[in-house]
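Containing mmCIF, C-alpha atoms and all ligand atoms: model.cif.
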```cif
data_work
loop_
_atom_site.label_atom_id
_atom_site.label_comp_id
_atom_site.auth_asym_id
_atom_site.auth_seq_id
_atom_site.Cartn_x
_atom_site.Cartn_y
_atom_site.Cartn_z
CA MET X 1 11.82 -207.62 87.14
CA THR X 2 10.03 -205.26 89.53
CA PRO X 3 6.47 -206.50 90.10
CA HIS X 4 3.71 -204.12 89.04
CA LEU X 5 0.71 -203.12 91.17
CA VAL X 6 -2.11 -201.25 89.47
CA VAL X 7 -4.69 -199.41 91.59
CA ILE X 8 -7.90 -198.33 89.85
CA GLY X 9 -9.92 -195.34 91.09
CA THR X 10 -8.95 -191.95 92.51
CA GLY X 11 -11.40 -191.83 95.41
CA TYR X 12 -10.41 -192.22 99.05
CA ALA X 13 -9.75 -195.95 98.65
CA GLY X 14 -7.70 -195.76 95.45
CA LEU X 15 -5.49 -192.92 96.64
CA LEU X 16 -4.87 -194.47 100.03
CA ALA X 17 -4.09 -197.89 98.52
CA ALA X 18 -1.62 -196.41 96.01
CA LEU X 19 0.13 -194.09 98.48
CA ARG X 20 0.42 -196.77 101.13
CA ALA X 21 1.65 -199.44 98.72
CA ALA X 22 4.34 -197.09 97.40
CA ARG X 23 5.42 -196.19 100.94
CA ILE X 24 5.72 -199.74 102.27
CA ALA X 25 7.13 -201.25 99.05
CA ARG X 26 10.10 -198.84 99.08
CA GLY X 27 10.83 -199.41 95.38
CA ARG X 28 10.34 -203.20 95.43
CA VAL X 29 6.96 -202.82 93.66
CA ALA X 30 6.08 -200.34 90.89
CA VAL X 31 2.76 -198.64 91.69
CA THR X 32 0.48 -197.19 89.01
CA LEU X 33 -2.74 -195.37 89.87
CA VAL X 34 -5.36 -195.35 87.10
CA GLY X 35 -8.24 -192.90 87.34
CA ALA X 36 -11.11 -191.78 85.13
CA SER X 37 -10.83 -188.51 87.04
CA ASP X 38 -7.63 -186.61 87.84
CA GLN X 39 -9.31 -185.22 90.98
CA LEU X 40 -10.08 -186.72 94.36
CA VAL X 41 -13.67 -185.73 95.08
CA GLU X 42 -14.32 -185.48 98.82
CA ARG X 43 -17.62 -187.28 98.54
CA VAL X 44 -18.31 -186.99 102.26
CA ARG X 45 -18.64 -183.24 101.62
CA LEU X 46 -20.79 -183.37 98.47
CA HIS X 47 -23.87 -182.18 100.39
CA GLU X 48 -21.84 -179.14 101.46
CA GLN X 49 -21.01 -178.44 97.81
CA ALA X 50 -24.68 -178.83 96.86
CA ALA X 51 -25.64 -176.17 99.41
CA THR X 52 -22.74 -173.71 99.04
CA GLY X 53 -21.23 -174.31 95.60
CA ARG X 54 -17.75 -174.68 97.16
CA SER X 55 -15.70 -177.25 95.24
CA VAL X 56 -14.65 -180.34 97.19
CA ALA X 57 -12.20 -181.71 94.58
CA HIS X 58 -8.42 -181.94 94.96
CA PRO X 59 -5.92 -182.62 92.14
CA VAL X 60 -4.49 -186.13 92.23
CA ALA X 61 -1.14 -184.73 91.07
CA GLU X 62 -0.91 -182.73 94.30
CA LEU X 63 -1.78 -185.71 96.49
CA ILE X 64 0.83 -188.04 94.97
CA ALA X 65 3.58 -185.42 94.49
CA GLY X 66 6.92 -186.58 95.87
CA THR X 67 5.90 -190.25 95.95
CA ALA X 68 6.74 -193.17 93.66
CA VAL X 69 3.11 -193.44 92.48
CA ARG X 70 2.72 -193.04 88.71
CA PHE X 71 -0.66 -191.66 87.63
CA VAL X 72 -2.43 -192.65 84.40
CA HIS X 73 -5.47 -190.55 83.61
CA ALA X 74 -7.69 -193.15 81.92
CA ARG X 75 -10.97 -195.00 82.30
CA ALA X 76 -10.58 -198.69 83.03
CA LEU X 77 -12.70 -200.75 80.63
CA GLU X 78 -11.86 -204.36 81.42
CA VAL X 79 -9.84 -206.17 84.07
CA ALA X 80 -8.64 -209.32 82.31
CA PRO X 81 -6.29 -211.69 84.19
CA ARG X 82 -3.10 -209.64 84.83
CA ARG X 83 -4.08 -207.21 82.09
CA LEU X 84 -6.01 -203.94 82.38
CA VAL X 85 -7.64 -202.48 79.30
CA THR X 86 -8.23 -198.72 79.49
CA ASP X 87 -9.37 -196.09 77.01
CA ALA X 88 -5.72 -194.95 76.86
CA GLY X 89 -4.09 -198.35 76.32
CA VAL X 90 -3.29 -201.64 78.04
CA LEU X 91 -1.39 -202.13 81.31
CA GLU X 92 0.06 -205.49 82.37
CA PHE X 93 0.05 -206.08 86.13
CA ASP X 94 0.96 -208.63 88.77
CA ARG X 95 -1.70 -207.44 91.21
CA ALA X 96 -4.55 -204.96 90.82
CA ILE X 97 -6.63 -203.27 93.50
CA VAL X 98 -10.00 -202.15 92.19
CA CYS X 99 -11.41 -199.11 94.03
CA THR X 100 -14.01 -197.84 91.56
CA GLY X 101 -16.63 -197.01 94.20
CA GLY X 102 -20.36 -196.67 93.68
CA SER X 103 -23.12 -194.11 93.61
CA VAL X 104 -26.78 -193.53 94.42
CA ASP X 105 -29.06 -195.65 92.24
CA LEU X 106 -30.68 -193.51 89.54
CA ASP X 107 -32.29 -196.60 88.02
CA LEU X 108 -34.27 -197.40 91.16
CA VAL X 109 -37.46 -195.90 89.73
CA PRO X 110 -38.42 -194.71 86.22
CA GLY X 111 -37.61 -191.08 85.49
CA ALA X 112 -34.99 -190.55 88.21
CA ARG X 113 -32.12 -190.56 85.74
CA GLU X 114 -33.87 -188.01 83.50
CA HIS X 115 -35.41 -185.66 86.06
CA ALA X 116 -33.44 -185.90 89.33
CA PHE X 117 -30.03 -184.64 90.38
CA ALA X 118 -27.88 -187.32 91.98
CA ILE X 119 -25.85 -186.29 95.01
CA ASP X 120 -22.86 -187.38 93.04
CA GLY X 121 -20.19 -186.36 90.57
CA ASP X 122 -20.49 -183.31 88.37
CA ARG X 123 -24.26 -182.98 88.80
CA VAL X 124 -23.76 -181.56 92.30
CA ALA X 125 -22.45 -178.25 90.96
CA ARG X 126 -25.57 -177.89 88.81
CA LEU X 127 -27.77 -178.91 91.72
CA PHE X 128 -26.34 -175.98 93.69
CA SER X 129 -26.94 -173.39 90.97
CA GLU X 130 -30.50 -174.67 90.42
CA ALA X 131 -31.21 -174.74 94.16
CA ARG X 132 -29.96 -171.16 94.58
CA ARG X 133 -32.07 -169.97 91.65
CA ILE X 134 -35.17 -171.69 92.99
CA ALA X 135 -34.56 -170.49 96.57
CA ALA X 136 -34.78 -166.88 95.36
CA ARG X 137 -38.46 -167.43 94.52
CA GLY X 138 -39.36 -169.74 97.42
CA GLY X 139 -39.35 -172.89 95.27
CA ARG X 140 -39.65 -176.52 96.37
CA VAL X 141 -36.92 -179.15 96.51
CA ALA X 142 -37.84 -182.81 96.96
CA VAL X 143 -35.03 -184.90 98.46
CA CYS X 144 -35.64 -188.61 97.83
CA GLY X 145 -34.05 -191.03 100.28
CA GLY X 146 -34.15 -190.83 104.07
CA GLY X 147 -30.78 -192.48 104.72
CA LEU X 148 -27.77 -190.57 106.00
CA THR X 149 -27.06 -188.90 102.63
CA GLY X 150 -30.66 -187.75 102.18
CA VAL X 151 -30.88 -186.32 105.69
CA GLU X 152 -27.51 -184.58 105.33
CA ILE X 153 -28.49 -182.97 102.02
CA ALA X 154 -31.95 -181.91 103.24
CA THR X 155 -30.61 -180.22 106.39
CA GLU X 156 -27.68 -178.64 104.55
CA LEU X 157 -29.91 -177.15 101.82
CA ALA X 158 -32.51 -175.91 104.30
CA GLU X 159 -29.88 -174.22 106.47
CA ALA X 160 -27.80 -172.68 103.66
CA LEU X 161 -30.71 -171.58 101.43
CA PRO X 162 -33.52 -170.58 103.81
CA GLY X 163 -35.76 -169.47 100.92
CA LEU X 164 -36.10 -173.08 99.77
CA ARG X 165 -39.04 -175.24 100.78
CA VAL X 166 -37.40 -178.62 101.36
CA GLU X 167 -39.33 -181.89 101.50
CA LEU X 168 -37.65 -185.18 102.48
CA VAL X 169 -39.36 -188.33 101.19
CA SER X 170 -38.33 -191.66 102.69
CA ALA X 171 -39.66 -195.15 101.96
CA SER X 172 -38.79 -196.21 105.52
CA GLU X 173 -38.16 -194.37 108.77
CA ILE X 174 -35.37 -191.83 108.31
CA VAL X 175 -31.76 -192.81 109.23
CA PRO X 176 -32.69 -196.52 109.46
CA GLY X 177 -29.27 -197.76 110.68
CA LEU X 178 -29.26 -195.47 113.72
CA GLY X 179 -30.93 -195.88 117.11
CA GLY X 180 -34.18 -194.30 118.33
CA LYS X 181 -32.58 -191.31 120.08
CA ALA X 182 -30.56 -190.42 117.00
CA ARG X 183 -33.68 -190.65 114.82
CA GLU X 184 -35.64 -188.41 117.19
CA HIS X 185 -32.86 -185.83 117.14
CA ALA X 186 -32.69 -185.91 113.33
CA ARG X 187 -36.47 -185.39 113.17
CA ALA X 188 -36.25 -182.46 115.61
CA VAL X 189 -33.50 -180.73 113.61
CA LEU X 190 -35.32 -181.28 110.31
CA LYS X 191 -38.42 -179.71 111.88
CA ARG X 192 -36.45 -176.77 113.27
CA LEU X 193 -35.01 -176.12 109.80
CA GLY X 194 -38.49 -176.23 108.26
CA VAL X 195 -37.98 -179.47 106.31
CA ALA X 196 -41.25 -181.33 105.67
CA VAL X 197 -40.61 -185.03 106.27
CA ARG X 198 -42.67 -187.85 104.76
CA GLU X 199 -41.66 -191.20 106.23
CA GLY X 200 -42.97 -194.54 104.96
CA VAL X 201 -43.75 -193.06 101.53
CA ARG X 202 -42.30 -194.98 98.59
CA VAL X 203 -41.54 -193.01 95.43
CA THR X 204 -42.59 -195.01 92.36
CA ALA X 205 -41.51 -192.65 89.55
CA VAL X 206 -40.02 -189.21 88.94
CA ALA X 207 -41.61 -186.87 86.38
CA ALA X 208 -40.41 -183.41 85.27
CA ASP X 209 -42.24 -181.57 88.05
CA HIS X 210 -43.47 -184.16 90.53
CA LEU X 211 -42.84 -187.49 92.21
CA ASP X 212 -45.33 -190.30 91.85
CA SER X 213 -45.60 -191.95 95.23
CA GLU X 214 -47.74 -194.42 97.13
CA ALA X 215 -49.21 -191.37 98.90
CA GLY X 216 -50.04 -189.59 95.63
CA PRO X 217 -48.14 -186.98 93.61
CA ILE X 218 -45.61 -184.72 95.34
CA GLY X 219 -44.77 -181.56 93.39
CA PHE X 220 -41.28 -180.08 93.13
CA ASP X 221 -39.21 -177.51 91.26
CA LEU X 222 -36.04 -179.53 91.80
CA CYS X 223 -35.48 -183.15 92.77
CA ALA X 224 -32.34 -184.38 94.56
CA TRP X 225 -31.88 -188.16 94.44
CA ALA X 226 -30.19 -189.79 97.43
CA ALA X 227 -31.77 -193.25 97.39
CA GLY X 228 -30.28 -196.68 96.74
CA PHE X 229 -26.70 -197.67 96.00
CA ARG X 230 -25.02 -199.28 92.97
CA ALA X 231 -21.37 -200.22 92.61
CA MET X 232 -19.66 -199.05 89.41
CA PRO X 233 -20.01 -201.66 86.65
CA LEU X 234 -16.31 -202.25 85.85
CA LEU X 235 -16.20 -205.78 87.27
CA ALA X 236 -19.66 -206.87 86.08
CA GLY X 237 -19.57 -209.58 83.42
CA LEU X 238 -16.29 -211.17 84.59
CA GLY X 239 -18.13 -214.08 86.20
CA LEU X 240 -17.07 -212.98 89.69
CA PRO X 241 -19.62 -213.45 92.50
CA MET X 242 -21.50 -210.19 93.10
CA ALA X 243 -23.84 -208.86 95.80
CA ALA X 244 -27.29 -207.60 94.74
CA ASP X 245 -26.06 -203.98 94.63
CA GLY X 246 -23.28 -204.80 92.15
CA ARG X 247 -20.42 -204.96 94.66
CA VAL X 248 -17.91 -207.74 94.05
CA ILE X 249 -17.75 -210.34 96.81
CA VAL X 250 -14.26 -210.57 98.29
CA ASP X 251 -12.71 -213.18 100.57
CA ALA X 252 -11.24 -212.65 104.03
CA TYR X 253 -8.10 -211.09 102.47
CA LEU X 254 -10.13 -208.83 100.09
CA HIS X 255 -9.30 -210.96 97.05
CA ALA X 256 -11.88 -211.41 94.28
CA ARG X 257 -9.42 -213.36 92.12
CA PRO X 258 -5.81 -214.41 92.83
CA ASP X 259 -4.50 -211.39 90.87
CA LEU X 260 -7.26 -209.01 91.99
CA LEU X 261 -8.17 -207.30 95.25
CA VAL X 262 -11.21 -205.05 95.63
CA ALA X 263 -11.58 -202.32 98.26
CA GLY X 264 -13.98 -199.55 99.23
CA ASP X 265 -17.51 -199.14 97.92
CA ALA X 266 -16.76 -201.57 95.06
CA ALA X 267 -16.27 -204.50 97.48
CA ALA X 268 -18.76 -206.69 99.36
CA PHE X 269 -17.04 -208.06 102.47
CA ALA X 270 -18.96 -210.38 104.81
CA SER X 271 -19.26 -208.49 108.09
CA ALA X 272 -18.94 -210.15 111.48
CA GLY X 273 -22.53 -209.26 112.36
CA GLY X 274 -23.94 -210.88 109.18
CA GLY X 275 -24.65 -209.26 105.80
CA TRP X 276 -22.13 -207.14 103.93
CA LEU X 277 -19.99 -204.48 105.53
CA GLY X 278 -21.69 -201.16 104.80
CA ALA X 279 -20.33 -198.98 102.01
CA GLY X 280 -18.81 -195.76 103.37
CA CYS X 281 -15.61 -193.82 103.65
CA LYS X 282 -15.13 -195.28 107.12
CA THR X 283 -14.94 -198.80 105.66
CA ALA X 284 -13.38 -197.86 102.29
CA MET X 285 -10.17 -196.50 103.80
CA PRO X 286 -9.46 -199.47 106.11
CA MET X 287 -10.13 -201.88 103.24
CA ALA X 288 -7.83 -199.91 100.94
CA ALA X 289 -5.01 -199.84 103.49
CA HIS X 290 -5.41 -203.57 104.07
CA ALA X 291 -5.50 -204.34 100.34
CA ALA X 292 -2.28 -202.36 99.85
CA ASP X 293 -0.58 -204.26 102.68
CA THR X 294 -1.76 -207.58 101.22
CA ALA X 295 -0.74 -206.80 97.63
CA VAL X 296 2.75 -205.64 98.62
CA ALA X 297 3.23 -208.63 100.95
CA GLU X 298 2.19 -211.06 98.20
CA LEU X 299 4.48 -209.44 95.65
CA THR X 300 7.50 -209.30 97.96
CA GLY X 301 7.12 -212.56 99.86
CA GLY X 302 5.75 -211.07 103.10
CA ALA X 303 3.04 -212.42 105.41
CA VAL X 304 -0.63 -211.63 104.82
CA ARG X 305 -3.47 -211.57 107.30
CA GLU X 306 -7.25 -211.47 107.17
CA PHE X 307 -9.04 -208.12 107.02
CA SER X 308 -10.60 -207.08 110.30
CA TYR X 309 -12.80 -204.07 110.99
CA GLY X 310 -14.57 -202.83 114.11
CA ASP X 311 -17.36 -200.29 113.64
CA LEU X 312 -17.07 -197.42 116.11
CA GLY X 313 -20.19 -195.62 114.95
CA TYR X 314 -21.79 -193.13 112.60
CA CYS X 315 -21.08 -189.42 112.32
CA VAL X 316 -23.88 -187.45 110.70
CA SER X 317 -24.00 -183.72 109.98
CA LEU X 318 -27.33 -181.88 110.26
CA GLY X 319 -26.30 -178.59 108.70
CA ARG X 320 -23.15 -176.85 109.91
CA ARG X 321 -24.24 -176.38 113.51
CA ASP X 322 -25.77 -179.71 114.49
CA GLY X 323 -25.08 -183.39 114.11
CA ILE X 324 -25.26 -186.87 115.59
CA LEU X 325 -22.59 -189.26 116.77
CA GLN X 326 -24.11 -192.73 117.05
CA PHE X 327 -21.94 -195.23 118.90
CA MET X 328 -22.20 -198.90 117.96
CA ASP X 329 -21.68 -201.99 120.11
CA ALA X 330 -19.31 -204.84 119.24
CA ALA X 331 -22.13 -206.64 117.38
CA GLY X 332 -22.60 -203.61 115.12
CA GLN X 333 -25.88 -202.52 116.75
CA PRO X 334 -26.58 -198.89 117.74
CA ARG X 335 -25.93 -198.18 121.40
CA GLU X 336 -28.38 -196.24 123.55
CA ARG X 337 -26.16 -193.19 124.08
CA ILE X 338 -25.48 -190.62 121.36
CA LEU X 339 -23.70 -187.29 121.11
CA LYS X 340 -25.62 -184.53 119.37
CA GLY X 341 -25.68 -180.81 118.69
CA ARG X 342 -22.65 -178.59 118.10
CA VAL X 343 -20.16 -181.00 119.64
CA ALA X 344 -21.26 -183.73 117.20
CA ALA X 345 -21.06 -181.27 114.28
CA TRP X 346 -17.53 -180.36 115.36
CA ILE X 347 -16.48 -184.03 115.62
CA LYS X 348 -17.97 -184.76 112.18
CA GLU X 349 -15.91 -181.91 110.73
CA GLN X 350 -12.74 -183.35 112.29
CA VAL X 351 -13.57 -186.80 110.85
CA CYS X 352 -13.94 -185.27 107.37
CA ARG X 353 -10.62 -183.45 107.76
CA TYR X 354 -8.95 -186.64 108.95
CA THR X 355 -9.68 -188.42 105.65
CA LEU X 356 -7.51 -185.94 103.74
CA LEU X 357 -4.96 -185.67 106.54
CA ALA X 358 -4.57 -189.46 106.48
CA LEU X 359 -3.82 -189.38 102.75
CA ARG X 360 -1.30 -186.58 103.19
CA ALA X 361 0.33 -188.40 106.11
CA GLU X 362 0.83 -191.48 103.90
CA GLN X 363 2.06 -189.26 101.05
CA ARG X 364 4.66 -187.58 103.26
CA GLN X 365 5.52 -190.82 105.05
CA LEU X 366 4.65 -189.22 108.38
CA LEU X 367 2.13 -191.72 109.72
CA ALA X 368 0.67 -195.02 108.59
CA TYR X 369 -3.14 -194.99 108.33
CA ARG X 370 -4.63 -196.99 111.23
CA TRP X 371 -8.13 -198.24 111.90
CA GLN X 372 -10.13 -200.04 114.55
CA ARG X 373 -10.00 -203.78 114.12
CA ARG X 374 -12.62 -206.18 115.47
CA PRO X 375 -13.80 -206.32 118.24
CA ALA X 376 -14.53 -202.62 118.54
CA ARG X 377 -13.31 -200.89 121.66
CA PRO X 378 -16.33 -200.18 123.87
CA LEU X 379 -15.64 -196.40 123.96
CA VAL X 380 -16.09 -196.40 127.74
CA ALA X 381 -14.17 -193.17 128.26
CA VAL X 382 -16.29 -191.20 125.78
CA GLU X 383 -19.55 -192.45 127.19
CA ALA X 384 -18.58 -191.87 130.79
CA ALA X 385 -17.86 -188.24 129.97
CA GLN X 386 -21.40 -187.50 128.76
C1 LIG X 401 -23.18 -186.70 100.41
C2 LIG X 401 -22.40 -187.88 100.91
C3 LIG X 401 -22.01 -187.93 102.24
C4 LIG X 401 -21.29 -189.02 102.71
N1 LIG X 401 -20.92 -189.05 104.04
C5 LIG X 401 -20.24 -190.11 104.51
C6 LIG X 401 -19.85 -190.17 105.88
O1 LIG X 401 -20.15 -189.28 106.66
N2 LIG X 401 -19.14 -191.25 106.30
C7 LIG X 401 -18.81 -192.28 105.46
O2 LIG X 401 -18.18 -193.24 105.91
N3 LIG X 401 -19.16 -192.26 104.16
C8 LIG X 401 -19.87 -191.21 103.66
N4 LIG X 401 -20.23 -191.17 102.34
C9 LIG X 401 -19.84 -192.30 101.47
C10 LIG X 401 -18.40 -192.13 100.98
O3 LIG X 401 -18.26 -190.93 100.30
C11 LIG X 401 -18.02 -193.29 100.08
O4 LIG X 401 -18.23 -194.47 100.79
C12 LIG X 401 -16.56 -193.19 99.66
O5 LIG X 401 -16.40 -192.13 98.77
C13 LIG X 401 -16.09 -194.50 99.02
O6 LIG X 401 -14.77 -194.35 98.60
P1 LIG X 401 -14.23 -195.15 97.33
O7 LIG X 401 -12.84 -194.70 97.15
O8 LIG X 401 -14.53 -196.59 97.51
O9 LIG X 401 -15.14 -194.67 96.12
P2 LIG X 401 -15.28 -193.21 95.46
O10 LIG X 401 -14.97 -192.14 96.42
O11 LIG X 401 -16.64 -193.22 94.84
O12 LIG X 401 -14.18 -193.21 94.32
C14 LIG X 401 -14.28 -194.04 93.20
C15 LIG X 401 -13.28 -193.59 92.17
O13 LIG X 401 -13.23 -194.53 91.11
C16 LIG X 401 -13.21 -193.83 89.88
N5 LIG X 401 -13.71 -194.73 88.85
C17 LIG X 401 -14.94 -195.28 88.76
N6 LIG X 401 -15.01 -196.08 87.68
C18 LIG X 401 -13.80 -196.03 87.08
C19 LIG X 401 -13.23 -196.65 85.93
N7 LIG X 401 -13.92 -197.50 85.17
N8 LIG X 401 -11.94 -196.37 85.61
C20 LIG X 401 -11.19 -195.53 86.38
N9 LIG X 401 -11.67 -194.91 87.47
C21 LIG X 401 -12.96 -195.17 87.83
C22 LIG X 401 -14.05 -192.59 90.14
O14 LIG X 401 -13.76 -191.57 89.20
C23 LIG X 401 -13.59 -192.24 91.55
O15 LIG X 401 -12.42 -191.48 91.49
C24 LIG X 401 -20.95 -190.09 101.84
C25 LIG X 401 -21.33 -190.03 100.49
C26 LIG X 401 -22.05 -188.95 100.03
C27 LIG X 401 -22.44 -188.92 98.57
#
```
Would you encode the structure as structure tokens?
Ligand SMILES: Cc1cc2nc3c(=O)[nH]c(=O)nc-3n(C[C@H](O)[C@H](O)[C@H](O)COP(=O)(O)OP(=O)(O)OC[C@H]3O[C@@H](n4cnc5c(N)ncnc54)[C@H](O)[C@@H]3O)c2cc1C
Amino acid sequence: MTPHLVVIGTGYAGLLAALRAARIARGRVAVTLVGASDQLVERVRLHEQAATGRSVAHPVAELIAGTAVRFVHARALEVAPRRLVTDAGVLEFDRAIVCTGGSVDLDLVPGAREHAFAIDGDRVARLFSEARRIAARGGRVAVCGGGLTGVEIATELAEALPGLRVELVSASEIVPGLGGKAREHARAVLKRLGVAVREGVRVTAVAADHLDSEAGPIGFDLCAWAAGFRAMPLLAGLGLPMAADGRVIVDAYLHARPDLLVAGDAAAFASAGGGWLGAGCKTAMPMAAHAADTAVAELTGGAVREFSYGDLGYCVSLGRRDGILQFMDAAGQPRERILKGRVAAWIKEQVCRYTLLALRAEQRQLLAYRWQRRPARPLVAVEAAQ
């Protein structure tokens, strides 16, 4: 009988895993993609949607058309051994790849879930309409979280809706994973766009019209929440080892159980530099491609190898006309040199386009998705050109 691979989640990781598995299996494995949503949401563009209202969703049906991937529109409820329970029925499988992702943590402080808009899911469309309404009367938006998502949303809102008074509140320095030059550039752009930045201020609660913080109350008309990270709860309660943020710990091959691989933001993979590999599209897609290769090899008697990933750097947008490219060294530390300004904004746009292009290339069997394995190339040519 043809072995059955089930992939759960219709984000970047789930779609890439399903498309790639179907391509390389060439009919030797049946591939089913299960998704609570029948759309791929381009999450790396959610801040653009929040500031412009432009939808960033793409129908799954379009992305798998012409392939052997079967789509089941259902929410996965439980992943029992070789058996997936969904709200539309039960699926037996030989291997499953779980790609259910994660989101900002609305339970980080009291009141965030009730009073803040997450930069996530369907709340982003409402965030845009509220932000536009408030901008018309010079209202205030508080963006909580000074990581990459918070900085991207603050700059995007300030640039697209100049009537808004945007305040960015960060418990630590902004963009903590980046180097000093990148941070200084981010601060300069935020200042140029009129964003008030409070660094080292911890928010302790969110009320209907203000934040409670260690520095006292901070008033707002609208609160955008971009702090913390939680993996989706699908695999909680199965007795699998989990990281503190709810990601499932996977082994060197991305297995969480012999019948189960986990990829993308749902997975905690021990990185070469210590700690867990950071959640992000740039790690989700390599993990998904590797998980697909592993699952198909295991089901068809092929060879498997350990997952390997080399971090080339971070690409951050600061509105549509500015950005930062932070190169990393082989140990995963930020290098001294950065690219910034329009050229970085342009590169970031190409990176975002590449995510969809990579899916379409797998769909049409044009190109196999490739990624940088460890150790990272030193990027000598790029740096020498600066
Ligand atoms: C504003 C913003 C900007 C970002 N910018 C960058 C960037 O520049 N670079 C970068 O690397 N990363 C960036 N990220 C992070 C990136 O978007 C995520 O890391 C990426 O989406 C992870 O992909 P994924 O497929 O693992 O999860 P997701 O894209 O979150 O997809 C998860 C999927 O699983 C589905 N799902 C969840 N639970 C279930 C269930 N029980 N049953 C069935 N389906 C389920 C969901 O519906 C969804 O389709 C950004 C994120 C945000 C919010």
Original post:
Which of these residues is nearest to Val151 in chain X, using all atoms listed in the file: X:Tyr354, X:Trp276, X:Phe220, X:Trp225?
Top reply: X:Trp225
Original post:
Hey, what's within 10 Å of Gln365 in chain X if we count only C-alpha atoms and toss same-chain stuff fewer than 6 positions away? As a PyMOL selection string, please?
Top reply: chain X and resi 19-20+22-24+67+359
**OP:** Neighbourhood query: residues within 9 Å of (-26.3, -174.7, 116.4), file coordinates, counting all atoms listed in the file; return as a list in words.
**Re:**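 Answer for this query, in the requested form: Gly319, Arg320, Arg321, Asp322, Gly341, Arg342 and Ala345 of chain X.
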Subject >> Option closest in space to ligand LIG 401 (chain X), from X:Pro3, X:Pro59, X:Gly66, X:Pro241 [counting only C-alpha atoms and all ligand atoms] >> reply: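 Of X:Pro3, X:Pro59, X:Gly66, X:Pro241, the one nearest ligand LIG 401 (chain X), counting only C-alpha atoms and all ligand atoms, is X:Pro59.
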Original post:
Pick the closest to ligand LIG 401 (chain X) from X:Arg187, X:Arg364, X:Arg113, X:Arg123: which is it, counting only C-alpha atoms and all ligand atoms?
Top reply: X:Arg123
Kindly complete range 345-359 of chain X to N, CA and C atoms; the output should be written as an mmCIF file, keeping the file's coordinate frame.
```
data_model
loop_
_atom_site.group_PDB
_atom_site.id
_atom_site.type_symbol
_atom_site.label_atom_id
_atom_site.label_comp_id
_atom_site.auth_asym_id
_atom_site.auth_seq_id
_atom_site.Cartn_x
_atom_site.Cartn_y
_atom_site.Cartn_z
ATOM 1 N N ALA X 345 -21.398 -181.927 115.558
ATOM 2 C CA ALA X 345 -21.060 -181.270 114.280
ATOM 3 C C ALA X 345 -19.560 -181.027 114.200
ATOM 4 N N TRP X 346 -18.977 -180.630 115.328
ATOM 5 C CA TRP X 346 -17.530 -180.360 115.360
ATOM 6 C C TRP X 346 -16.747 -181.658 115.134
ATOM 7 N N ILE X 347 -17.181 -182.742 115.787
ATOM 8 C CA ILE X 347 -16.480 -184.030 115.620
ATOM 9 C C ILE X 347 -16.591 -184.500 114.172
ATOM 10 N N LYS X 348 -17.788 -184.341 113.584
ATOM 11 C CA LYS X 348 -17.970 -184.760 112.180
ATOM 12 C C LYS X 348 -16.990 -183.996 111.273
ATOM 13 N N GLU X 349 -16.837 -182.708 111.539
ATOM 14 C CA GLU X 349 -15.910 -181.910 110.730
ATOM 15 C C GLU X 349 -14.481 -182.445 110.870
ATOM 16 N N GLN X 350 -14.102 -182.827 112.094
ATOM 17 C CA GLN X 350 -12.740 -183.350 112.290
ATOM 18 C C GLN X 350 -12.572 -184.683 111.556
ATOM 19 N N VAL X 351 -13.638 -185.502 111.555
ATOM 20 C CA VAL X 351 -13.570 -186.800 110.850
ATOM 21 C C VAL X 351 -13.366 -186.556 109.354
ATOM 22 N N CYS X 352 -14.105 -185.586 108.805
ATOM 23 C CA CYS X 352 -13.940 -185.270 107.370
ATOM 24 C C CYS X 352 -12.518 -184.796 107.087
ATOM 25 N N ARG X 353 -12.000 -183.935 107.973
ATOM 26 C CA ARG X 353 -10.620 -183.450 107.760
ATOM 27 C C ARG X 353 -9.621 -184.591 107.846
ATOM 28 N N TYR X 354 -9.893 -185.541 108.737
ATOM 29 C CA TYR X 354 -8.950 -186.640 108.950
ATOM 30 C C TYR X 354 -8.760 -187.473 107.682
ATOM 31 N N THR X 355 -9.820 -187.599 106.863
ATOM 32 C CA THR X 355 -9.680 -188.420 105.650
ATOM 33 C C THR X 355 -8.565 -187.864 104.761
ATOM 34 N N LEU X 356 -8.560 -186.547 104.569
ATOM 35 C CA LEU X 356 -7.510 -185.940 103.740
ATOM 36 C C LEU X 356 -6.165 -185.940 104.457
ATOM 37 N N LEU X 357 -6.207 -185.665 105.767
ATOM 38 C CA LEU X 357 -4.960 -185.670 106.540
ATOM 39 C C LEU X 357 -4.295 -187.038 106.472
ATOM 40 N N ALA X 358 -5.118 -188.095 106.518
ATOM 41 C CA ALA X 358 -4.570 -189.460 106.480
ATOM 42 C C ALA X 358 -3.870 -189.712 105.150
ATOM 43 N N LEU X 359 -4.465 -189.212 104.061
ATOM 44 C CA LEU X 359 -3.820 -189.380 102.750
ATOM 45 C C LEU X 359 -2.500 -188.617 102.713
#
```
